[in-house]
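What's in start_16.cif: mmCIF, C-alpha atoms
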data_entry
loop_
_atom_site.group_PDB
_atom_site.id
_atom_site.type_symbol
_atom_site.label_atom_id
_atom_site.label_comp_id
_atom_site.auth_asym_id
_atom_site.auth_seq_id
_atom_site.Cartn_x
_atom_site.Cartn_y
_atom_site.Cartn_z
ATOM 1 C CA MET H 1 44.292 24.387 29.970
ATOM 2 C CA LYS H 2 41.228 25.618 31.860
ATOM 3 C CA ALA H 3 43.522 27.069 34.519
ATOM 4 C CA VAL H 4 45.186 29.253 31.885
ATOM 5 C CA TRP H 5 41.840 30.557 30.630
ATOM 6 C CA LEU H 6 40.743 31.186 34.203
ATOM 7 C CA LEU H 7 43.886 33.197 34.969
ATOM 8 C CA LEU H 8 43.478 35.209 31.775
ATOM 9 C CA ALA H 9 39.834 35.859 32.617
ATOM 10 C CA LEU H 10 40.794 37.088 36.083
ATOM 11 C CA LEU H 11 43.543 39.295 34.662
ATOM 12 C CA PHE H 12 41.320 40.953 32.071
ATOM 13 C CA THR H 13 38.489 41.364 34.579
ATOM 14 C CA CYS H 14 40.826 43.203 36.933
ATOM 15 C CA LEU H 15 42.142 45.350 34.091
ATOM 16 C CA ALA H 16 38.610 46.220 32.973
ATOM 17 C CA LEU H 17 37.550 47.128 36.517
ATOM 18 C CA GLY H 18 40.673 49.232 36.997
ATOM 19 C CA GLY H 19 40.011 51.084 33.754
ATOM 20 C CA PHE H 20 36.414 51.730 34.762
ATOM 21 C CA MET H 21 37.552 53.054 38.143
ATOM 22 C CA SER H 22 40.010 55.324 36.347
ATOM 23 C CA PHE H 23 37.169 56.567 34.132
ATOM 24 C CA THR H 24 34.994 57.448 37.122
ATOM 25 C CA GLU H 25 37.884 59.423 38.603
ATOM 26 C CA ASP H 26 39.014 61.370 35.519
ATOM 27 C CA ARG H 27 36.051 61.157 33.096
ATOM 28 C CA ASP H 28 38.440 60.206 30.305
ATOM 29 C CA TRP H 29 36.497 58.568 27.485
ATOM 30 C CA ILE H 30 39.516 56.617 26.290
ATOM 31 C CA ASP H 31 39.574 54.840 29.669
ATOM 32 C CA LEU H 32 35.939 53.914 29.220
ATOM 33 C CA GLY H 33 36.543 52.573 25.718
ATOM 34 C CA MET H 34 39.491 50.503 26.872
ATOM 35 C CA SER H 35 37.465 49.206 29.816
ATOM 36 C CA VAL H 36 34.637 48.065 27.553
ATOM 37 C CA PHE H 37 37.120 46.423 25.187
ATOM 38 C CA LEU H 38 38.897 44.617 28.038
ATOM 39 C CA GLY H 39 35.520 43.637 29.499
ATOM 40 C CA VAL H 40 34.486 41.982 26.243
ATOM 41 C CA ILE H 41 37.760 40.055 26.191
ATOM 42 C CA ALA H 42 37.245 39.045 29.827
ATOM 43 C CA VAL H 43 33.731 37.768 29.084
ATOM 44 C CA SER H 44 35.044 35.672 26.212
ATOM 45 C CA PHE H 45 37.665 34.123 28.498
ATOM 46 C CA TRP H 46 35.059 33.454 31.203
ATOM 47 C CA ARG H 47 32.913 31.680 28.616
ATOM 48 C CA ARG H 48 35.866 29.500 27.631
ATOM 49 C CA THR H 49 36.394 28.427 31.216
ATOM 50 C CA THR H 50 32.764 27.374 31.680
ATOM 51 C CA ARG H 51 32.677 25.186 28.563
#
Can you present the structure in this file as structure tokens?
Amino acid sequence: MKAVWLLLALLFTCLALGGFMSFTEDRDWIDLGMSVFLGVIAVSFWRRTTR
């Protein structure tokens, strides 16, 4: 089960980083909001994998 959480954490980390990179290119605030939201989800998955 830890492998699943690890894969989800990697996925959401990549999505958050991609959204942040999109924000720095376009300065679209929706991209920043989505990046923060995905980052919070990624952190929660990372915490599950380290338990």
Let me know the residues the PyMOL selection byres ((chain H and resi 2) around 9) catches in the file above, as a ChimeraX atom specification. /H:1,3-7,48-50
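The two atoms in question, atom CA of H:Arg27 and atom CA of H:Leu11, are spaced 23.2 Å apart.
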Around the point (35.2, 38.0, 29.2) in the file's coordinates, collect all residues with an atom within 12 Å, using all atoms listed in the file, and return them as an NGL selection string. :H and (5-17 or 35-50)
Box centre and edge lengths (Å, one decimal), axis-aligned, stretch 26-37 of chain H plus 3 Å each side, as lines of an AutoDock Vina configuration file:
center_x = 37.1
center_y = 53.9
center_z = 30.4
size_x = 10.9
size_y = 20.9
size_z = 16.3
